[in-house]
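Participant: Below is the structure I would like to discuss, written out as structure tokens.
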Amino acid sequence: MNAPVKIVAKSKISEWKGLDRIGLLVHGMKCIWREQEKDDVGIDGEIELCRPRSDGDGAIATGKIVKVQSKSGSSFVIRDTDEGFASPVTEKDLYYWRGFNLPVIYIVYHPDDNALYWKDVKAYLRDNPGALTAPHRIEFSKSEDRFDGDAYPALLTLCEAAPERVSMDVGETLYTNLLRIERRPEKVWIAPVLPQKQFGFHDRLSGMIPPYVYKGGLIHTLSDPSDGETAFAGVIDAGGVEEVDLEDWIAQGTEYEVDLARLMNSLIHRHLRGIGLSFEKRPRRYFYNRGLAVDAPIQKRWTSARTNRTQPRTVAKHYEYGKLKFFRHQALDYGFERFDDLWAIAIHPQLMFTTDGKRPWEGEAARSYAISARVEEYNDAYLNNILFWAHQMAGGHDRFDLKIGDQAVATASGIPLTAEAAFSIQSNPVPVRKRPKGK
């Protein structure tokens, strides 16, 4: 019986041949070729451009980088003629390359010509917007797009035209995802629950239930529990209510710091529900869905604290892709954060997918779509999500109150904390990918 053998696919040999050819040409330009060592998702390597030294002894590394995606073999050469050919690519790759913060070139090894051809992807997409619609292809001219030693000046020009990612000449305002709590609760009320009311304590409550922690027969809360407007009035011993300074209460130990977070998170939860957001425990999401229908998306107008521009934003909409039908919601999660003397609400923008505007859409298709949608969120988009939710939480004001009933017990800033940096990271804006129209 013949022993089993390892097979090297013909396509793999062609791929290696193309990459080796690129390396030889780049080194012939006296530049640096770095092949991607780990599995890539659309980039095979990079070229670092070098300039020749004046004395002819070696070269000077410029730090200018060009990212390279290469393809080899006849399967990547279609509609081949003496003048040119096309190379099939994927829609995802085109958007990925266009969003890269460095120049990206696409190189094809043509086996019949035994030659390499290349394109500056971003320039190609600017000049050929139809490339973003199916069938997705990049067109090559055999006379103009040859990748050889003569390509060096064009590569250098490409790098020189690319914006510097970090500018030391221009400063930048850096936004955090934190809304400072500017006025904190001042007191904590501690009240004993009547012995006959302790069993099934929470189930006995009805009406307006303030944030509270219950332990050892005592409730700890941020408003007077003997107030007849709250659900506590009928279950506590009003004569045993104790009022404690908040800082003294926290100072009792770590467990009280944990209790503080629970009280504050509960206070924030009530605020979010009060401004019209629905809540789903798993996954933990706050999202808009009131009035949502298949033919009635939800839009909210908001003003960016960064640009001062007012614009509408679609926060919930119905989509159909073949058999898949679902609602996509802009969503929010949050957390109370305490850094020494700084108290803040941390904003965590999320996405929510539902089957009917309420119930979470689950399964492999939902996870795949969520990952795809997240990949398209670049830095500016994520920052805008933070600023949008800050605007929503504050109702467009500089500050907003966290209330129990009609009583404001804390006040938070409606504008995220910022810091000033002496440098700036230059943006490479990426147009939002257009999806098929939702129904």
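Letters for chains follow the order of the structure tokens (A, B, ...), residue numbers begin at 1 for each chain, and ligand numbers begin at 1 in the order shown.
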So that I can check the secondary structure, give me every residue of region 134-276 of chain A assigned strand (DSSP E or B) by backbone DSSP, as a PyMOL selection string.
Facilitator: chain A and resi 137-141+146+166-167+172-175+178-183+187-193+208+212-215+218-221+230+236+242-245
Participant: Hey, can you check how far CA of Phe388 (chain A) sits from CA of Trp302 (chain A)?
Facilitator: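 Spanning CA of Phe388 (chain A) to CA of Trp302 (chain A) is a straight-line distance of 6.6 Å.
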Participant: List the spatial neighbours of Asp259 (chain A) as number ranges by chain - criterion: any atom at most 9 Å away, only C-alpha atoms, same-chain residues fewer than 2 positions off excluded.
Facilitator: A: 212-213, 220, 250, 254-257, 261-264
Participant: Just all heavy atoms for this one: save the residues we selected as a compact mmCIF listing (two decimals), in the first residue's frame.
Facilitator:
```
# COMPACT_ATOMS: atom_id res chain seq x y z
N TYR A 212 -32.04 51.14 45.46
CA TYR A 212 -31.78 50.73 46.84
C TYR A 212 -30.90 49.49 46.86
O TYR A 212 -30.78 48.75 45.88
CB TYR A 212 -33.09 50.47 47.59
CG TYR A 212 -33.77 49.18 47.19
CD1 TYR A 212 -33.55 48.00 47.92
CD2 TYR A 212 -34.64 49.13 46.11
CE1 TYR A 212 -34.17 46.80 47.56
CE2 TYR A 212 -35.26 47.96 45.74
CZ TYR A 212 -35.02 46.80 46.47
OH TYR A 212 -35.64 45.62 46.11
N VAL A 213 -30.27 49.29 48.01
CA VAL A 213 -29.56 48.06 48.32
C VAL A 213 -30.21 47.50 49.59
O VAL A 213 -30.41 48.23 50.57
CB VAL A 213 -28.06 48.32 48.56
CG1 VAL A 213 -27.36 47.05 49.02
CG2 VAL A 213 -27.40 48.85 47.28
N HIS A 220 -30.72 50.59 51.99
CA HIS A 220 -29.85 51.76 51.84
C HIS A 220 -30.29 52.41 50.53
O HIS A 220 -30.28 51.77 49.47
CB HIS A 220 -28.38 51.33 51.75
CG HIS A 220 -27.90 50.52 52.90
ND1 HIS A 220 -26.94 50.97 53.80
CD2 HIS A 220 -28.25 49.29 53.34
CE1 HIS A 220 -26.73 50.05 54.72
NE2 HIS A 220 -27.51 49.01 54.46
N ILE A 250 -19.58 55.58 52.29
CA ILE A 250 -18.65 54.88 51.40
C ILE A 250 -17.40 54.44 52.15
O ILE A 250 -16.85 53.36 51.90
CB ILE A 250 -18.25 55.78 50.22
CG1 ILE A 250 -19.46 56.20 49.39
CG2 ILE A 250 -17.23 55.06 49.31
CD1 ILE A 250 -19.16 57.25 48.35
N THR A 254 -14.94 48.37 51.24
CA THR A 254 -15.06 48.09 49.81
C THR A 254 -16.47 47.71 49.41
O THR A 254 -16.94 48.09 48.32
CB THR A 254 -14.09 46.95 49.43
OG1 THR A 254 -12.76 47.33 49.79
CG2 THR A 254 -14.14 46.69 47.94
N GLU A 255 -17.17 46.96 50.26
CA GLU A 255 -18.50 46.52 49.87
C GLU A 255 -19.45 47.70 49.70
O GLU A 255 -20.39 47.65 48.89
CB GLU A 255 -19.07 45.53 50.89
CG GLU A 255 -19.51 46.15 52.18
CD GLU A 255 -20.25 45.15 53.09
OE1 GLU A 255 -21.46 44.94 52.85
OE2 GLU A 255 -19.60 44.60 53.99
N TYR A 256 -19.16 48.81 50.42
CA TYR A 256 -20.01 49.98 50.26
C TYR A 256 -19.70 50.71 48.95
O TYR A 256 -20.58 51.37 48.38
CB TYR A 256 -19.85 50.91 51.47
CG TYR A 256 -20.52 50.35 52.70
CD1 TYR A 256 -19.83 49.50 53.56
CD2 TYR A 256 -21.85 50.62 52.97
CE1 TYR A 256 -20.43 48.95 54.68
CE2 TYR A 256 -22.48 50.09 54.09
CZ TYR A 256 -21.77 49.25 54.94
OH TYR A 256 -22.39 48.70 56.03
N GLU A 257 -18.47 50.62 48.47
CA GLU A 257 -18.15 51.17 47.15
C GLU A 257 -18.90 50.39 46.07
O GLU A 257 -19.37 50.96 45.09
CB GLU A 257 -16.65 51.11 46.91
CG GLU A 257 -15.85 52.01 47.86
CD GLU A 257 -14.36 51.98 47.56
OE1 GLU A 257 -13.97 51.29 46.59
OE2 GLU A 257 -13.60 52.64 48.29
N ALA A 261 -21.92 51.79 43.46
CA ALA A 261 -22.03 51.57 42.02
C ALA A 261 -23.41 51.03 41.67
O ALA A 261 -24.01 51.43 40.66
CB ALA A 261 -20.94 50.62 41.54
N ARG A 262 -23.94 50.13 42.49
CA ARG A 262 -25.27 49.59 42.24
C ARG A 262 -26.32 50.69 42.30
O ARG A 262 -27.22 50.76 41.45
CB ARG A 262 -25.59 48.49 43.25
CG ARG A 262 -24.77 47.22 43.08
CD ARG A 262 -25.06 46.22 44.17
NE ARG A 262 -26.47 45.83 44.22
CZ ARG A 262 -27.00 45.08 45.18
NH1 ARG A 262 -26.23 44.61 46.17
NH2 ARG A 262 -28.28 44.75 45.15
N LEU A 263 -26.22 51.57 43.31
CA LEU A 263 -27.19 52.65 43.45
C LEU A 263 -27.11 53.62 42.27
O LEU A 263 -28.13 54.03 41.71
CB LEU A 263 -26.94 53.40 44.76
CG LEU A 263 -27.27 52.64 46.05
CD1 LEU A 263 -26.79 53.43 47.28
CD2 LEU A 263 -28.77 52.37 46.16
N MET A 264 -25.88 53.98 41.89
CA MET A 264 -25.72 54.93 40.79
C MET A 264 -26.16 54.33 39.46
O MET A 264 -26.79 55.00 38.64
CB MET A 264 -24.27 55.40 40.73
CG MET A 264 -23.82 56.25 41.92
SD MET A 264 -24.83 57.74 42.15
CE MET A 264 -24.53 58.62 40.63
```
Participant: Determine the nearest neighbour of Leu116 (chain A) from the options A:Glu247, A:Glu320, A:Glu144, A:Glu160, counting only C-alpha atoms.
Facilitator: A:Glu144
Participant: So which residues touch Phe326 (chain A) within 8 Å, counting only C-alpha atoms, skipping near sequence neighbours fewer than 5 positions away, as a compact mmCIF listing (two decimals) with N, CA and C atoms, in the first residue's frame?
Facilitator:
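Okay, this is what ended up in around25.txt:
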```txt
# COMPACT_ATOMS: atom_id res chain seq x y z
N HIS A 318 -35.81 48.74 9.61
CA HIS A 318 -36.02 47.37 9.17
C HIS A 318 -35.18 47.07 7.94
N TYR A 319 -34.61 45.85 7.90
CA TYR A 319 -33.77 45.43 6.76
C TYR A 319 -34.22 44.06 6.27
N GLU A 320 -34.03 43.86 4.99
CA GLU A 320 -34.28 42.55 4.38
C GLU A 320 -33.11 42.21 3.46
N PHE A 353 -29.93 44.04 17.43
CA PHE A 353 -30.69 43.47 16.31
C PHE A 353 -31.88 42.72 16.89
N THR A 354 -33.07 43.03 16.36
CA THR A 354 -34.27 42.40 16.86
C THR A 354 -35.07 41.81 15.70
N THR A 355 -35.91 40.84 16.03
CA THR A 355 -36.76 40.23 15.01
C THR A 355 -38.01 41.06 14.75
N ASP A 356 -38.48 41.76 15.79
CA ASP A 356 -39.75 42.48 15.67
C ASP A 356 -39.69 43.87 16.30
N TRP A 361 -32.59 39.33 17.97
CA TRP A 361 -32.35 38.42 16.84
C TRP A 361 -31.09 37.63 17.17
```
Participant: How many Å separate CA of Phe400 (chain A) from CA of Gly414 (chain A)?
Facilitator: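 Taking CA of Phe400 (chain A) and CA of Gly414 (chain A), their separation equals 6.5 Å.
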Participant: Region 308-312 of chain A: which residues within 12 Å, counting only C-alpha atoms, same-chain residues fewer than 3 positions away excluded, as a PyMOL selection string?
Facilitator: chain A and resi 298-305+315+384+387-388+391+396+415
Participant: Would you export the selected residues with all heavy atoms as a compact mmCIF listing (two decimals), in the first residue's frame, please?
Facilitator:
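Result file out12.txt:
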```txt
# COMPACT_ATOMS: atom_id res chain seq x y z
N ILE A 298 -37.04 54.94 12.81
CA ILE A 298 -36.99 55.98 13.84
C ILE A 298 -35.76 56.84 13.59
O ILE A 298 -34.66 56.33 13.44
CB ILE A 298 -36.92 55.38 15.25
CG1 ILE A 298 -38.15 54.51 15.53
CG2 ILE A 298 -36.82 56.48 16.30
CD1 ILE A 298 -38.08 53.79 16.86
N GLN A 299 -35.98 58.17 13.56
CA GLN A 299 -34.87 59.11 13.44
C GLN A 299 -34.86 60.06 14.63
O GLN A 299 -35.91 60.39 15.18
CB GLN A 299 -34.97 59.92 12.14
CG GLN A 299 -34.58 59.16 10.89
CD GLN A 299 -34.36 60.09 9.71
OE1 GLN A 299 -34.97 61.16 9.61
NE2 GLN A 299 -33.47 59.69 8.81
N LYS A 300 -33.66 60.48 15.04
CA LYS A 300 -33.49 61.45 16.11
C LYS A 300 -32.56 62.56 15.61
O LYS A 300 -31.52 62.27 15.03
CB LYS A 300 -32.89 60.80 17.35
CG LYS A 300 -33.74 59.73 17.99
CD LYS A 300 -34.98 60.31 18.65
CE LYS A 300 -35.82 59.24 19.31
NZ LYS A 300 -37.01 59.80 20.00
N ARG A 301 -32.95 63.80 15.85
CA ARG A 301 -32.06 64.91 15.53
C ARG A 301 -31.12 65.14 16.70
O ARG A 301 -31.51 65.06 17.85
CB ARG A 301 -32.86 66.19 15.22
CG ARG A 301 -33.66 66.08 13.94
CD ARG A 301 -34.24 67.43 13.53
NE ARG A 301 -33.21 68.40 13.18
CZ ARG A 301 -32.59 68.45 11.99
NH1 ARG A 301 -32.92 67.57 11.05
NH2 ARG A 301 -31.69 69.35 11.74
N TRP A 302 -29.88 65.46 16.38
CA TRP A 302 -28.90 65.68 17.44
C TRP A 302 -27.86 66.67 16.98
O TRP A 302 -27.68 66.90 15.79
CB TRP A 302 -28.26 64.36 17.86
CG TRP A 302 -27.29 63.79 16.85
CD1 TRP A 302 -27.60 63.27 15.62
CD2 TRP A 302 -25.87 63.74 16.96
NE1 TRP A 302 -26.47 62.87 14.97
CE2 TRP A 302 -25.38 63.14 15.76
CE3 TRP A 302 -24.95 64.09 17.94
CZ2 TRP A 302 -24.03 62.91 15.55
CZ3 TRP A 302 -23.60 63.86 17.73
CH2 TRP A 302 -23.15 63.28 16.54
N THR A 303 -27.15 67.26 17.93
CA THR A 303 -26.11 68.23 17.65
C THR A 303 -24.79 67.72 18.21
O THR A 303 -24.71 67.37 19.39
CB THR A 303 -26.45 69.60 18.26
OG1 THR A 303 -27.71 70.05 17.74
CG2 THR A 303 -25.37 70.61 17.93
N SER A 304 -23.78 67.67 17.36
CA SER A 304 -22.47 67.18 17.78
C SER A 304 -21.76 68.24 18.63
O SER A 304 -21.65 69.39 18.23
CB SER A 304 -21.62 66.85 16.56
OG SER A 304 -20.26 66.62 16.94
N ALA A 305 -21.25 67.83 19.79
CA ALA A 305 -20.49 68.74 20.64
C ALA A 305 -19.15 69.08 20.02
O ALA A 305 -18.52 70.08 20.38
CB ALA A 305 -20.28 68.11 22.02
N VAL A 315 -31.95 55.69 14.02
CA VAL A 315 -31.55 54.89 15.17
C VAL A 315 -32.20 53.50 15.18
O VAL A 315 -31.83 52.64 15.96
CB VAL A 315 -31.86 55.62 16.49
CG1 VAL A 315 -31.02 56.88 16.60
CG2 VAL A 315 -33.35 55.95 16.60
N ASN A 384 -18.57 59.68 17.04
CA ASN A 384 -19.89 60.26 16.81
C ASN A 384 -20.98 59.51 17.57
O ASN A 384 -21.95 60.11 18.04
CB ASN A 384 -20.22 60.27 15.32
CG ASN A 384 -19.58 61.44 14.59
OD1 ASN A 384 -19.27 62.46 15.21
ND2 ASN A 384 -19.37 61.29 13.31
N LEU A 387 -20.83 60.83 21.11
CA LEU A 387 -21.40 62.18 21.19
C LEU A 387 -22.91 62.16 21.00
O LEU A 387 -23.63 62.95 21.63
CB LEU A 387 -20.74 63.07 20.14
CG LEU A 387 -19.23 63.29 20.30
CD1 LEU A 387 -18.68 64.13 19.15
CD2 LEU A 387 -18.91 63.94 21.64
N PHE A 388 -23.39 61.25 20.13
CA PHE A 388 -24.84 61.14 19.93
C PHE A 388 -25.53 60.73 21.23
O PHE A 388 -26.53 61.34 21.63
CB PHE A 388 -25.14 60.12 18.83
CG PHE A 388 -26.59 59.72 18.76
CD1 PHE A 388 -27.52 60.57 18.16
CD2 PHE A 388 -27.03 58.52 19.30
CE1 PHE A 388 -28.86 60.21 18.10
CE2 PHE A 388 -28.37 58.16 19.24
CZ PHE A 388 -29.29 59.01 18.64
N HIS A 391 -25.64 63.41 23.80
CA HIS A 391 -26.70 64.37 23.47
C HIS A 391 -28.06 63.84 23.86
O HIS A 391 -28.90 64.58 24.40
CB HIS A 391 -26.65 64.67 21.96
CG HIS A 391 -27.65 65.68 21.51
ND1 HIS A 391 -28.96 65.34 21.17
CD2 HIS A 391 -27.56 67.02 21.33
CE1 HIS A 391 -29.61 66.42 20.81
NE2 HIS A 391 -28.79 67.46 20.88
N GLY A 396 -29.82 67.38 24.83
CA GLY A 396 -29.25 68.51 24.11
C GLY A 396 -28.72 69.61 25.00
O GLY A 396 -28.26 70.64 24.50
N ILE A 415 -21.66 66.72 28.10
CA ILE A 415 -20.55 66.75 27.14
C ILE A 415 -19.42 65.89 27.69
O ILE A 415 -18.99 66.09 28.83
CB ILE A 415 -20.06 68.19 26.89
CG1 ILE A 415 -21.21 69.05 26.37
CG2 ILE A 415 -18.88 68.20 25.92
CD1 ILE A 415 -20.89 70.51 26.26
```
Participant: Considering only C-alpha atoms, state which residue in the set A:Ala154, A:Ile268, A:Ile347, A:Met352 is at the smallest distance from Tyr288 (chain A).
Facilitator: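 The answer is A:Met352, which sits nearest to Tyr288 (chain A).
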Participant: As a PyMOL selection string, please: all residues of region 3-237 of chain A that backbone DSSP puts in alpha helix (DSSP H).
Facilitator: chain A and resi 10-28+91-98+121-127+152-161+195-198
Participant: Okay, now the selection with C-alpha atoms, as a PDB file, in the first residue's frame?
Facilitator:
```pdb
ATOM      1  CA  LYS A  10      -0.554  24.258  -7.733  1.00  0.00           C
ATOM      2  CA  SER A  11      -2.207  27.493  -6.587  1.00  0.00           C
ATOM      3  CA  LYS A  12       0.111  27.648  -3.577  1.00  0.00           C
ATOM      4  CA  ILE A  13       3.188  27.319  -5.793  1.00  0.00           C
ATOM      5  CA  SER A  14       1.859  30.121  -7.991  1.00  0.00           C
ATOM      6  CA  GLU A  15       1.260  32.282  -4.909  1.00  0.00           C
ATOM      7  CA  TRP A  16       4.828  31.755  -3.674  1.00  0.00           C
ATOM      8  CA  LYS A  17       6.206  32.531  -7.110  1.00  0.00           C
ATOM      9  CA  GLY A  18       4.346  35.841  -7.206  1.00  0.00           C
ATOM     10  CA  LEU A  19       5.477  36.879  -3.718  1.00  0.00           C
ATOM     11  CA  ASP A  20       9.085  35.916  -4.472  1.00  0.00           C
ATOM     12  CA  ARG A  21       8.951  37.988  -7.643  1.00  0.00           C
ATOM     13  CA  ILE A  22       7.692  41.007  -5.706  1.00  0.00           C
ATOM     14  CA  GLY A  23      10.503  40.616  -3.167  1.00  0.00           C
ATOM     15  CA  LEU A  24      13.152  40.465  -5.884  1.00  0.00           C
ATOM     16  CA  LEU A  25      11.819  43.580  -7.619  1.00  0.00           C
ATOM     17  CA  VAL A  26      11.510  45.572  -4.391  1.00  0.00           C
ATOM     18  CA  HIS A  27      15.032  44.648  -3.349  1.00  0.00           C
ATOM     19  CA  GLY A  28      16.172  45.645  -6.851  1.00  0.00           C
ATOM     20  CA  GLU A  91     -16.503  43.813  -2.234  1.00  0.00           C
ATOM     21  CA  LYS A  92     -15.217  43.400   1.319  1.00  0.00           C
ATOM     22  CA  ASP A  93     -11.615  43.714   0.164  1.00  0.00           C
ATOM     23  CA  LEU A  94     -12.339  46.932  -1.735  1.00  0.00           C
ATOM     24  CA  TYR A  95     -13.895  48.585   1.307  1.00  0.00           C
ATOM     25  CA  TYR A  96     -11.127  47.248   3.526  1.00  0.00           C
ATOM     26  CA  TRP A  97      -8.362  48.628   1.299  1.00  0.00           C
ATOM     27  CA  ARG A  98     -10.138  51.951   0.824  1.00  0.00           C
ATOM     28  CA  VAL A 121      -6.283  50.877  -5.015  1.00  0.00           C
ATOM     29  CA  LYS A 122      -7.487  54.153  -3.515  1.00  0.00           C
ATOM     30  CA  ALA A 123      -6.759  56.114  -6.677  1.00  0.00           C
ATOM     31  CA  TYR A 124      -8.453  53.407  -8.756  1.00  0.00           C
ATOM     32  CA  LEU A 125     -11.604  53.596  -6.629  1.00  0.00           C
ATOM     33  CA  ARG A 126     -11.639  57.394  -6.847  1.00  0.00           C
ATOM     34  CA  ASP A 127     -11.364  57.250 -10.618  1.00  0.00           C
ATOM     35  CA  TYR A 152       9.870  53.204  -7.953  1.00  0.00           C
ATOM     36  CA  PRO A 153       9.187  56.911  -8.712  1.00  0.00           C
ATOM     37  CA  ALA A 154       5.439  56.266  -8.758  1.00  0.00           C
ATOM     38  CA  LEU A 155       5.627  54.476  -5.390  1.00  0.00           C
ATOM     39  CA  LEU A 156       7.613  57.362  -3.937  1.00  0.00           C
ATOM     40  CA  THR A 157       5.055  59.862  -5.228  1.00  0.00           C
ATOM     41  CA  LEU A 158       2.264  57.746  -3.785  1.00  0.00           C
ATOM     42  CA  CYS A 159       3.866  57.851  -0.335  1.00  0.00           C
ATOM     43  CA  GLU A 160       4.642  61.564  -0.516  1.00  0.00           C
ATOM     44  CA  ALA A 161       0.998  62.299  -1.338  1.00  0.00           C
ATOM     45  CA  PRO A 195     -39.909  42.123  60.437  1.00  0.00           C
ATOM     46  CA  GLN A 196     -43.212  40.954  59.023  1.00  0.00           C
ATOM     47  CA  LYS A 197     -42.362  42.633  55.691  1.00  0.00           C
ATOM     48  CA  GLN A 198     -38.842  41.222  55.258  1.00  0.00           C
TER      49      GLN A 198
END
```
Participant: Which distance in Å separates CA of Leu102 (chain A) and CA of Asn379 (chain A), to one decimal?
Facilitator: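 Computing it gives 15.2 Å between the two atoms.
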Participant: For Glu83 (chain A), which of A:Asp57, A:Phe140, A:Ala419, A:Glu48 is the closest residue, counting only C-alpha atoms?
Facilitator: A:Phe140
Participant: Counting only C-alpha atoms, which residue out of A:Phe327, A:Phe336, A:Ala134, A:Leu49 sits closest to Ala366 (chain A)?
Facilitator: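 Ranked by minimum distance to Ala366 (chain A), first place goes to A:Phe327.
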Participant: Using only C-alpha atoms, pick whichever of A:Lys403, A:Ile65, A:Ile43, A:Gln350 has the shortest atom-to-atom distance to Arg270 (chain A).
Facilitator: A:Lys403
Participant: Out of A:Pro103, A:Lys30, A:Arg290, A:Gly130, which residue has the shortest atom-to-atom distance to Gly56 (chain A) when counting only C-alpha atoms?
Facilitator: A:Lys30
Participant: Hey, which bits of region 378-416 of chain A sit within 12 Å of region 186-194 of chain A, and for each residue what's the closest pair of atoms and how far apart in Å (one decimal), counting only C-alpha atoms, rows by chain and increasing number, as a tab-separated table?
Facilitator:
```
residue	atom	partner	partner_atom	distance
A:Ala408	CA	A:Glu186	CA	11.2
A:Val409	CA	A:Glu186	CA	7.8
A:Ala410	CA	A:Glu186	CA	8.6
A:Thr411	CA	A:Glu186	CA	11.7
```
Participant: Keeping only all heavy atoms, take the residues you just selected and write them out as a PDB file, in the first residue's frame.
Facilitator:
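The resulting file, selection.pdb, is reproduced below:
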```pdb
ATOM      1  N   ALA A 408     -34.097  65.879  42.088  1.00  0.00           N
ATOM      2  CA  ALA A 408     -32.778  65.689  41.471  1.00  0.00           C
ATOM      3  C   ALA A 408     -31.776  65.355  42.563  1.00  0.00           C
ATOM      4  O   ALA A 408     -31.566  66.151  43.483  1.00  0.00           O
ATOM      5  CB  ALA A 408     -32.361  66.946  40.732  1.00  0.00           C
ATOM      6  N   VAL A 409     -31.169  64.177  42.465  1.00  0.00           N
ATOM      7  CA  VAL A 409     -30.201  63.764  43.491  1.00  0.00           C
ATOM      8  C   VAL A 409     -28.766  63.810  42.979  1.00  0.00           C
ATOM      9  O   VAL A 409     -27.824  63.673  43.758  1.00  0.00           O
ATOM     10  CB  VAL A 409     -30.521  62.347  44.023  1.00  0.00           C
ATOM     11  CG1 VAL A 409     -31.868  62.336  44.707  1.00  0.00           C
ATOM     12  CG2 VAL A 409     -30.472  61.328  42.897  1.00  0.00           C
ATOM     13  N   ALA A 410     -28.589  63.992  41.673  1.00  0.00           N
ATOM     14  CA  ALA A 410     -27.253  64.117  41.093  1.00  0.00           C
ATOM     15  C   ALA A 410     -27.382  64.837  39.757  1.00  0.00           C
ATOM     16  O   ALA A 410     -28.453  64.862  39.148  1.00  0.00           O
ATOM     17  CB  ALA A 410     -26.602  62.753  40.905  1.00  0.00           C
ATOM     18  N   THR A 411     -26.284  65.431  39.308  1.00  0.00           N
ATOM     19  CA  THR A 411     -26.260  66.129  38.027  1.00  0.00           C
ATOM     20  C   THR A 411     -25.016  65.704  37.261  1.00  0.00           C
ATOM     21  O   THR A 411     -23.914  65.654  37.824  1.00  0.00           O
ATOM     22  CB  THR A 411     -26.240  67.661  38.222  1.00  0.00           C
ATOM     23  OG1 THR A 411     -27.389  68.058  38.981  1.00  0.00           O
ATOM     24  CG2 THR A 411     -26.239  68.376  36.877  1.00  0.00           C
TER      25      THR A 411
END
```
